[in-house]
file run-v5.csv (CSV, C-alpha atoms and all ligand atoms)
chain,number,residue,atom,x,y,z
A,1,MET,CA,62.5,100.0,104.8
A,2,ALA,CA,59.8,97.9,103.3
A,3,ALA,CA,58.8,100.5,100.8
A,4,SER,CA,60.9,99.2,98.0
A,5,ARG,CA,59.6,98.8,94.4
A,6,ALA,CA,62.7,98.1,92.3
A,7,PRO,CA,63.9,94.5,92.5
A,8,HIS,CA,67.0,95.1,90.5
A,9,VAL,CA,69.5,97.9,91.2
A,10,GLN,CA,72.4,98.9,89.0
A,11,LEU,CA,74.1,101.0,91.6
A,12,VAL,CA,74.4,100.7,95.4
A,13,ILE,CA,75.3,103.7,97.5
A,14,VAL,CA,76.2,103.6,101.2
A,15,GLY,CA,76.8,106.8,103.2
A,16,SER,CA,75.5,109.1,105.8
A,17,VAL,CA,71.8,110.0,106.0
A,18,GLY,CA,71.2,112.9,108.3
A,19,LEU,CA,69.7,116.2,109.3
A,20,ASP,CA,71.9,119.2,108.7
A,21,THR,CA,71.9,122.7,110.2
A,22,ILE,CA,73.6,125.1,107.9
A,23,GLU,CA,74.5,128.7,108.2
A,24,THR,CA,75.6,130.8,105.2
A,25,PRO,CA,76.3,134.6,105.2
A,26,SER,CA,72.7,135.2,104.2
A,27,ALA,CA,70.6,132.4,105.7
A,28,ARG,CA,70.3,129.7,108.3
A,29,ARG,CA,68.4,126.4,107.9
A,30,ALA,CA,67.9,123.9,110.7
A,31,ASP,CA,67.3,120.1,110.4
A,32,VAL,CA,67.3,119.9,106.6
A,33,LEU,CA,67.7,116.7,104.8
A,34,GLY,CA,71.4,115.9,104.2
A,35,GLY,CA,74.1,113.4,104.5
A,36,SER,CA,76.5,112.1,101.8
A,37,ALA,CA,74.1,109.2,100.7
A,38,SER,CA,71.1,111.5,100.4
A,39,TYR,CA,72.9,113.8,98.0
A,40,ALA,CA,74.6,111.0,96.1
A,41,CYS,CA,71.5,108.9,95.7
A,42,ALA,CA,69.4,111.8,94.6
A,43,ALA,CA,71.9,112.8,92.0
A,44,ALA,CA,72.5,109.2,90.8
A,45,SER,CA,68.8,108.5,90.5
A,46,PHE,CA,68.5,110.8,87.4
A,47,PHE,CA,70.5,108.2,85.5
A,48,ALA,CA,70.5,104.7,87.1
A,49,ARG,CA,68.4,102.4,89.3
A,50,THR,CA,70.0,103.1,92.6
A,51,GLY,CA,69.7,101.5,96.1
A,52,MET,CA,70.5,103.4,99.3
A,53,VAL,CA,72.3,101.8,102.3
A,54,GLY,CA,72.1,103.8,105.5
A,55,VAL,CA,70.4,104.2,108.8
A,56,VAL,CA,68.0,106.7,110.3
A,57,GLY,CA,66.5,107.1,113.8
A,58,HIS,CA,62.9,107.2,114.8
A,59,ASP,CA,62.9,111.0,114.6
A,60,PHE,CA,63.3,110.8,110.8
A,61,GLY,CA,59.9,112.0,109.6
A,62,ASP,CA,57.8,110.6,106.8
A,63,ASP,CA,58.1,113.8,104.9
A,64,TYR,CA,61.8,113.2,104.5
A,65,LEU,CA,61.1,109.6,103.3
A,66,ASP,CA,58.6,111.1,100.8
A,67,VAL,CA,61.4,113.2,99.4
A,68,TYR,CA,63.5,110.0,98.8
A,69,ARG,CA,60.5,108.2,97.3
A,70,ALA,CA,59.9,111.1,94.9
A,71,PHE,CA,63.5,110.6,93.5
A,72,GLY,CA,62.6,107.0,93.0
A,73,PHE,CA,65.7,105.3,94.5
A,74,ASP,CA,65.3,102.0,96.3
A,75,LEU,CA,65.0,102.2,100.1
A,76,LEU,CA,65.3,98.5,101.0
A,77,GLY,CA,68.8,99.0,102.4
A,78,LEU,CA,67.8,101.9,104.6
A,79,GLN,CA,67.5,100.8,108.3
A,80,VAL,CA,65.3,102.5,110.9
A,81,ARG,CA,66.7,102.1,114.4
A,82,GLN,CA,65.8,103.3,117.9
A,83,GLY,CA,67.5,106.5,118.6
A,84,ARG,CA,68.3,109.9,117.0
A,85,THR,CA,69.2,110.4,113.3
A,86,PHE,CA,72.8,111.5,112.4
A,87,ARG,CA,73.1,115.3,112.7
A,88,TRP,CA,75.7,117.6,111.4
A,89,SER,CA,76.0,121.4,111.5
A,90,GLY,CA,78.3,123.8,109.7
A,91,VAL,CA,78.9,127.4,108.9
A,92,TYR,CA,80.2,129.0,105.7
A,93,GLU,CA,82.4,132.1,105.9
A,94,ASP,CA,81.9,135.2,103.8
A,95,ASN,CA,83.1,134.0,100.4
A,96,MET,CA,81.5,130.5,100.9
A,97,ASP,CA,85.0,129.1,100.3
A,98,ASN,CA,85.6,128.0,103.9
A,99,ARG,CA,83.3,125.8,105.9
A,100,ARG,CA,83.6,125.1,109.6
A,101,THR,CA,82.0,122.1,111.2
A,102,LEU,CA,80.2,123.2,114.4
A,103,SER,CA,79.0,119.8,115.5
A,104,THR,CA,78.7,116.2,114.4
A,105,GLU,CA,76.4,113.8,116.3
A,106,LEU,CA,76.8,110.2,115.0
A,107,ASN,CA,73.7,109.0,116.9
A,108,VAL,CA,72.3,105.9,115.2
A,109,PHE,CA,75.5,105.7,113.0
A,110,ALA,CA,77.6,104.9,116.1
A,111,GLU,CA,76.0,101.4,116.2
A,112,PHE,CA,75.3,100.9,112.5
A,113,ALA,CA,76.0,97.6,110.9
A,114,PRO,CA,75.1,97.8,107.2
A,115,GLU,CA,73.2,94.7,105.9
A,116,LEU,CA,72.7,94.6,102.2
A,117,PRO,CA,69.4,93.3,100.8
A,118,GLU,CA,70.0,90.2,98.6
A,119,ASN,CA,69.1,92.2,95.4
A,120,TYR,CA,71.8,94.8,96.1
A,121,ARG,CA,74.7,92.3,96.4
A,122,ARG,CA,74.9,91.6,92.7
A,123,ALA,CA,74.8,95.2,91.6
A,124,PRO,CA,77.5,96.0,89.1
A,125,PHE,CA,78.4,99.4,90.5
A,126,LEU,CA,79.1,100.5,94.1
A,127,PHE,CA,79.7,103.9,95.6
A,128,LEU,CA,81.0,104.1,99.1
A,129,ALA,CA,80.1,107.7,99.9
A,130,ASN,CA,81.6,109.5,102.9
A,131,ILE,CA,81.1,107.4,106.0
A,132,ALA,CA,83.4,105.6,108.5
A,133,PRO,CA,85.8,103.4,106.5
A,134,SER,CA,85.0,100.4,108.7
A,135,LEU,CA,81.4,100.6,107.4
A,136,GLN,CA,82.6,101.0,103.9
A,137,LEU,CA,84.6,97.8,104.4
A,138,ARG,CA,81.6,96.0,105.8
A,139,VAL,CA,79.6,96.9,102.6
A,140,LEU,CA,82.4,95.8,100.4
A,141,GLU,CA,82.5,92.4,102.0
A,142,GLN,CA,78.9,91.8,101.2
A,143,MET,CA,79.1,92.6,97.5
A,144,ARG,CA,79.6,89.8,95.0
A,145,ALA,CA,82.2,90.9,92.5
A,146,PRO,CA,81.0,94.4,91.5
A,147,ARG,CA,82.4,95.6,88.2
A,148,PHE,CA,83.3,99.0,89.5
A,149,ILE,CA,83.8,100.4,93.0
A,150,ALA,CA,84.3,104.1,93.8
A,151,ALA,CA,84.8,105.6,97.3
A,152,ASP,CA,84.8,109.0,98.9
A,153,THR,CA,86.3,110.0,102.2
A,154,MET,CA,87.0,113.1,104.4
A,155,ASP,CA,89.7,114.6,106.6
A,156,LEU,CA,88.1,113.1,109.8
A,157,TRP,CA,88.8,109.6,108.6
A,158,ILE,CA,92.3,110.4,107.5
A,159,ASN,CA,92.9,111.5,111.1
A,160,VAL,CA,91.0,108.8,113.1
A,161,ALA,CA,90.7,105.7,110.9
A,162,LEU,CA,93.8,105.7,108.5
A,163,ASN,CA,94.4,102.0,108.6
A,164,ASP,CA,90.8,101.1,107.6
A,165,LEU,CA,90.8,103.9,105.0
A,166,LYS,CA,94.0,102.4,103.4
A,167,LYS,CA,92.3,98.9,103.4
A,168,VAL,CA,89.3,100.5,101.5
A,169,ILE,CA,91.6,102.2,99.0
A,170,ARG,CA,93.4,99.0,98.2
A,171,LYS,CA,90.1,97.4,97.2
A,172,ILE,CA,88.5,100.0,95.0
A,173,ASP,CA,88.7,101.2,91.4
A,174,LEU,CA,88.3,104.9,92.0
A,175,LEU,CA,89.0,107.1,95.0
A,176,THR,CA,87.4,110.6,95.1
A,177,LEU,CA,88.5,113.2,97.6
A,178,ASN,CA,89.1,117.0,97.6
A,179,GLU,CA,92.4,118.6,97.0
A,180,SER,CA,93.3,119.4,100.6
A,181,GLU,CA,92.4,115.8,101.6
A,182,ALA,CA,94.6,114.4,98.8
A,183,ARG,CA,97.5,116.5,100.1
A,184,HIS,CA,96.8,115.6,103.7
A,185,LEU,CA,96.6,111.9,102.9
A,186,THR,CA,99.8,111.7,100.9
A,187,GLY,CA,101.9,114.5,102.3
A,188,GLN,CA,102.4,115.7,98.7
A,189,ARG,CA,101.7,119.3,97.8
A,190,ALA,CA,101.5,119.0,94.0
A,191,LEU,CA,98.3,117.3,93.1
A,192,ILE,CA,99.9,115.3,90.3
A,193,LYS,CA,102.3,113.8,92.8
A,194,ALA,CA,99.5,113.2,95.3
A,195,ALA,CA,97.5,111.4,92.6
A,196,ARG,CA,100.5,109.3,91.6
A,197,THR,CA,101.0,108.2,95.2
A,198,LEU,CA,97.4,107.3,95.6
A,199,LEU,CA,97.4,105.3,92.3
A,200,GLY,CA,100.3,103.4,93.7
A,201,TRP,CA,98.0,102.2,96.6
A,202,GLY,CA,95.7,100.3,94.2
A,203,PRO,CA,92.9,102.3,92.4
A,204,GLN,CA,93.0,102.7,88.7
A,205,HIS,CA,91.6,106.3,89.0
A,206,ILE,CA,91.8,109.2,91.4
A,207,LEU,CA,89.2,111.9,91.1
A,208,ILE,CA,90.3,115.1,92.9
A,209,LYS,CA,87.6,117.7,93.6
A,210,LYS,CA,88.6,121.3,93.6
A,211,GLY,CA,85.3,122.9,94.6
A,212,GLU,CA,84.4,125.9,92.4
A,213,HIS,CA,87.5,125.1,90.3
A,214,GLY,CA,86.2,121.8,89.1
A,215,ALA,CA,87.7,118.4,89.3
A,216,ILE,CA,90.6,116.4,87.8
A,217,LEU,CA,90.5,112.7,87.0
A,218,PHE,CA,93.9,111.0,87.1
A,219,SER,CA,94.3,107.6,85.6
A,220,ARG,CA,97.5,105.6,85.1
A,221,SER,CA,98.3,107.1,81.7
A,222,SER,CA,96.1,110.2,81.5
A,223,ALA,CA,94.7,113.2,83.3
A,224,PHE,CA,91.4,114.9,82.5
A,225,LEU,CA,90.3,118.4,83.7
A,226,MET,CA,86.6,119.3,84.2
A,227,PRO,CA,85.8,122.9,85.3
A,228,ALA,CA,82.8,123.7,87.4
A,229,PHE,CA,79.8,125.1,85.6
A,230,PRO,CA,79.9,128.9,86.3
A,231,LEU,CA,77.0,130.2,88.4
A,232,GLU,CA,76.0,133.7,89.3
A,233,ALA,CA,75.0,132.8,92.8
A,234,VAL,CA,75.6,129.9,95.1
A,235,GLN,CA,73.1,129.5,97.9
A,236,ASP,CA,74.5,126.5,99.8
A,237,PRO,CA,77.6,124.5,98.7
A,238,THR,CA,76.8,121.6,101.0
A,239,GLY,CA,76.7,118.3,99.2
A,240,ALA,CA,78.4,119.6,96.0
A,241,GLY,CA,81.0,116.9,96.3
A,242,ASP,CA,78.4,114.2,97.0
A,243,THR,CA,76.1,115.2,94.1
A,244,PHE,CA,79.1,115.5,91.8
A,245,ALA,CA,80.1,111.9,92.7
A,246,GLY,CA,76.5,110.6,92.7
A,247,GLY,CA,75.9,112.1,89.2
A,248,PHE,CA,79.2,110.8,88.0
A,249,ILE,CA,78.8,107.2,89.2
A,250,GLY,CA,75.1,107.1,88.3
A,251,HIS,CA,75.9,108.2,84.7
A,252,LEU,CA,78.7,105.6,84.6
A,253,ALA,CA,76.4,102.8,85.9
A,254,ALA,CA,73.7,103.7,83.3
A,255,ASN,CA,76.3,103.5,80.6
A,256,GLY,CA,77.5,100.2,82.0
A,257,ARG,CA,81.0,100.3,80.5
A,258,VAL,CA,83.9,102.0,82.1
A,259,THR,CA,85.9,103.5,79.2
A,260,GLU,CA,87.9,106.7,79.2
A,261,ARG,CA,85.2,108.4,77.2
A,262,ALA,CA,82.5,107.1,79.6
A,263,LEU,CA,84.5,108.4,82.6
A,264,ARG,CA,84.8,111.8,80.9
A,265,ARG,CA,81.1,112.0,80.0
A,266,ALA,CA,80.3,111.0,83.6
A,267,MET,CA,82.4,113.9,84.9
A,268,LEU,CA,80.5,116.3,82.7
A,269,TYR,CA,77.2,115.1,84.1
A,270,GLY,CA,78.5,115.1,87.7
A,271,SER,CA,79.6,118.7,87.3
A,272,VAL,CA,76.2,119.7,85.9
A,273,VAL,CA,74.1,118.0,88.7
A,274,ALA,CA,76.4,119.5,91.3
A,275,SER,CA,75.9,123.0,89.8
A,276,PHE,CA,72.1,122.6,90.2
A,277,ASN,CA,72.5,121.3,93.8
A,278,VAL,CA,74.3,124.4,95.1
A,279,GLU,CA,71.5,126.8,93.8
A,280,ALA,CA,69.4,126.0,96.9
A,281,PHE,CA,69.6,124.4,100.3
A,282,SER,CA,69.4,120.7,101.0
A,283,LEU,CA,67.9,118.7,98.1
A,284,ASP,CA,65.5,121.5,97.2
A,285,ARG,CA,66.9,122.3,93.8
A,286,LEU,CA,67.3,118.6,92.8
A,287,ARG,CA,63.7,117.9,93.8
A,288,ALA,CA,62.5,120.3,91.2
A,289,LEU,CA,64.9,119.2,88.6
A,290,LYS,CA,64.0,117.2,85.4
A,291,ARG,CA,66.3,115.2,83.2
A,292,ARG,CA,65.7,117.6,80.4
A,293,ASN,CA,67.0,120.5,82.6
A,294,ILE,CA,70.2,118.5,83.0
A,295,GLU,CA,70.6,117.8,79.3
A,296,ARG,CA,70.0,121.5,78.5
A,297,ARG,CA,72.7,122.6,80.9
A,298,VAL,CA,75.1,119.8,79.6
A,299,ARG,CA,74.7,121.2,76.0
A,300,GLU,CA,75.3,124.8,77.3
A,301,PHE,CA,78.4,123.6,79.2
A,302,GLU,CA,79.7,121.6,76.1
A,303,ARG,CA,79.5,124.8,74.1
A,304,MET,CA,81.6,126.6,76.8
A,305,LEU,CA,84.2,123.7,76.7
A,306,GLN,CA,84.7,123.7,73.0
A,307,VAL,CA,88.1,125.0,71.7
B,401,LIG,P1,79.9,117.8,101.3
B,401,LIG,O1,79.4,119.2,101.3
B,401,LIG,O2,80.0,117.1,100.0
B,401,LIG,O3,81.2,117.7,102.1
B,401,LIG,O4,78.9,116.9,102.2
B,401,LIG,C1,78.1,117.4,103.2
B,401,LIG,C2,77.3,116.3,103.9
B,401,LIG,O5,78.2,115.5,104.6
B,401,LIG,C3,76.3,116.9,104.9
B,401,LIG,O6,75.0,116.7,104.4
B,401,LIG,C4,76.6,116.1,106.2
B,401,LIG,O7,75.5,115.6,106.7
B,401,LIG,C5,77.6,115.0,105.8
B,401,LIG,N1,78.6,114.8,106.8
B,401,LIG,C6,79.3,115.7,107.6
B,401,LIG,N2,80.2,115.1,108.4
B,401,LIG,C7,80.1,113.8,108.1
B,401,LIG,C8,80.7,112.6,108.7
B,401,LIG,N3,81.6,112.7,109.7
B,401,LIG,N4,80.4,111.4,108.1
B,401,LIG,C9,79.6,111.3,107.1
B,401,LIG,N5,78.9,112.4,106.6
B,401,LIG,C10,79.1,113.6,107.1
call {"tool": "encode", "arguments": {"input": "run-v5.csv", "output": "structure tokens"}}
result
Amino acid sequence: MAASRAPHVQLVIVGSVGLDTIETPSARRADVLGGSASYACAAASFFARTGMVGVVGHDFGDDYLDVYRAFGFDLLGLQVRQGRTFRWSGVYEDNMDNRRTLSTELNVFAEFAPELPENYRRAPFLFLANIAPSLQLRVLEQMRAPRFIAADTMDLWINVALNDLKKVIRKIDLLTLNESEARHLTGQRALIKAARTLLGWGPQHILIKKGEHGAILFSRSSAFLMPAFPLEAVQDPTGAGDTFAGGFIGHLAANGRVTERALRRAMLYGSVVASFNVEAFSLDRLRALKRRNIERRVREFERMLQV
């Protein structure tokens, strides 16, 4: 995309960009803006100058691009290709705990070869959001010594691309995945054992997401627990993990230093941004959000966390 303004990015995010059709017990939305990179870039852009790497088809309307532009992240790394945009559909069961994928159409992602703009290659922070591990590797190869690399994944890649996924894990500083994926990937039931196994594969940190029960950050000599901000009503949990990770890495990139305290503060911010995201479908809640709303909820959350 030629619409870029920001010459210098602090954080590069690669992931899926797509149109989602989502059913919850109370509503159904078709072709809403989604994809791991959409959520992660939107969340990160509250904190850091972020560049998006992804691909869309010719059916990706200008109104969707306007949503991205309003968040202010850089679009130079977003390719437009002949063909249809990635599409995913899923349905949530009664308690919103379980989600079933109804269909996944890779479309333009099937042939995607990420090409990083020159100004992205020296970015100090990189987030490989959920996408095929072979594409994550291709992005990694183009970066020039980033200071901190985080990556996300999903069950599908554990099943169909385990070798590439393990190559990614060996090269990164932080792996984020949800608790069932951590168990699946390591064969360990106890999360602490799963995390220890994954730390043995290379990363300094393992961030395990536990949905409405929060997240745990395992490092070599510590563990840190962050609950989820309690909400009265969740409209659509889609993208909670991606907004958590995007808020987390965006906050870390803005801080610039990766200390234990910075990681913990970043988890607080990731939790808060994710809590806003699930209050509405797609990026609707984040679009209306201001940094001051985030800070207010962070203070409220900090009061809840005090002992
Ligand atoms: P989450 O709720 O955090 O798991 O993320 C949901 C987002 O993941 C949706 O917006 C989907 O478009 C996207 N998604 C679903 N399946 C895939 C896939 N196989 N690869 C990349 N992104 C996907």
call {"tool": "residues_near_ligand", "arguments": {"input": "run-v5.csv", "ligand": "ligand LIG 401 (chain B)", "cutoff": "7 Å", "atoms": "only C-alpha atoms and all ligand atoms", "output": "mmCIF file with C-alpha atoms, in the coordinates of the input"}}
result
data_model
loop_
_atom_site.group_PDB
_atom_site.id
_atom_site.type_symbol
_atom_site.label_atom_id
_atom_site.label_comp_id
_atom_site.auth_asym_id
_atom_site.auth_seq_id
_atom_site.Cartn_x
_atom_site.Cartn_y
_atom_site.Cartn_z
ATOM 1 C CA GLY A 15 76.800 106.800 103.200
ATOM 2 C CA SER A 16 75.500 109.100 105.800
ATOM 3 C CA VAL A 17 71.800 110.000 106.000
ATOM 4 C CA GLY A 18 71.200 112.900 108.300
ATOM 5 C CA LEU A 19 69.700 116.200 109.300
ATOM 6 C CA ASP A 20 71.900 119.200 108.700
ATOM 7 C CA GLY A 34 71.400 115.900 104.200
ATOM 8 C CA GLY A 35 74.100 113.400 104.500
ATOM 9 C CA SER A 36 76.500 112.100 101.800
ATOM 10 C CA ARG A 87 73.100 115.300 112.700
ATOM 11 C CA TRP A 88 75.700 117.600 111.400
ATOM 12 C CA THR A 104 78.700 116.200 114.400
ATOM 13 C CA ASN A 130 81.600 109.500 102.900
ATOM 14 C CA ILE A 131 81.100 107.400 106.000
ATOM 15 C CA ALA A 132 83.400 105.600 108.500
ATOM 16 C CA LEU A 156 88.100 113.100 109.800
ATOM 17 C CA PRO A 237 77.600 124.500 98.700
ATOM 18 C CA THR A 238 76.800 121.600 101.000
ATOM 19 C CA GLY A 239 76.700 118.300 99.200
ATOM 20 C CA ALA A 240 78.400 119.600 96.000
ATOM 21 C CA GLY A 241 81.000 116.900 96.300
ATOM 22 C CA ASP A 242 78.400 114.200 97.000
#
call {"tool": "closest_residue", "arguments": {"input": "run-v5.csv", "among": "A:Ala161, A:Ala253, A:Ile192, A:Leu225", "to": "Ile13 in chain A", "atoms": "only C-alpha atoms"}}
result
A:Ala253
call {"tool": "closest_residue", "arguments": {"input": "run-v5.csv", "among": "A:Gly57, A:Gly51, A:Gly90, A:Gly83", "to": "Leu11 in chain A", "atoms": "only C-alpha atoms"}}
result
A:Gly51
call {"tool": "atom_distance", "arguments": {"input": "run-v5.csv", "atom1": "CA of Leu137 in chain A", "atom2": "CA of Leu65 in chain A"}}
result
26.3 Å
call {"tool": "closest_residue", "arguments": {"input": "run-v5.csv", "among": "A:Leu126, A:Leu263, A:Met52, A:Leu268", "to": "Lys171 in chain A", "atoms": "all atoms listed in the file"}}
result
A:Leu126
call {"tool": "closest_residue", "arguments": {"input": "run-v5.csv", "among": "A:Ala42, A:Ala30, A:Gly77, A:Leu162", "to": "Phe276 in chain A", "atoms": "all atoms listed in the file"}}
result
A:Ala42
call {"tool": "axis_aligned_box", "arguments": {"input": "run-v5.csv", "around": "range 300-306 of chain A", "padding_each_side": "3 Å", "output": "JSON"}}
result
{"center_x": 80.0, "center_y": 124.1, "center_z": 76.1, "size_x": 15.4, "size_y": 11.0, "size_z": 12.2}
call {"tool": "closest_residue", "arguments": {"input": "run-v5.csv", "among": "A:Phe127, A:Tyr68, A:Phe73, A:Phe60", "to": "Phe47 in chain A", "atoms": "all atoms listed in the file"}}
result
A:Phe73
call {"tool": "closest_residue", "arguments": {"input": "run-v5.csv", "among": "A:Ala245, A:Val91, A:Met304, A:Leu231", "to": "Glu279 in chain A", "atoms": "all atoms listed in the file"}}
result
A:Leu231
call {"tool": "residues_around", "arguments": {"input": "run-v5.csv", "residues": "Tyr92 in chain A", "least_positions_apart": "4", "cutoff": "7 Å", "atoms": "only C-alpha atoms", "output": "VMD selection string"}}
result
chain A and resid 23 to 25 96 98 to 100
call {"tool": "atom_distance", "arguments": {"input": "run-v5.csv", "atom1": "CA of Ile294 in chain A", "atom2": "CA of Leu252 in chain A"}}
result
15.5 Å
call {"tool": "atom_distance", "arguments": {"input": "run-v5.csv", "atom1": "CA of Ala151 in chain A", "atom2": "CA of Arg196 in chain A"}}
result
17.1 Å
call {"tool": "residues_near_point", "arguments": {"input": "run-v5.csv", "point": "(86.8, 114.6, 86.6)", "cutoff": "10 Å", "atoms": "all atoms listed in the file", "output": "ChimeraX atom specification"}}
result
/A:176,205-210,214-218,223-228,244-245,248,263-271
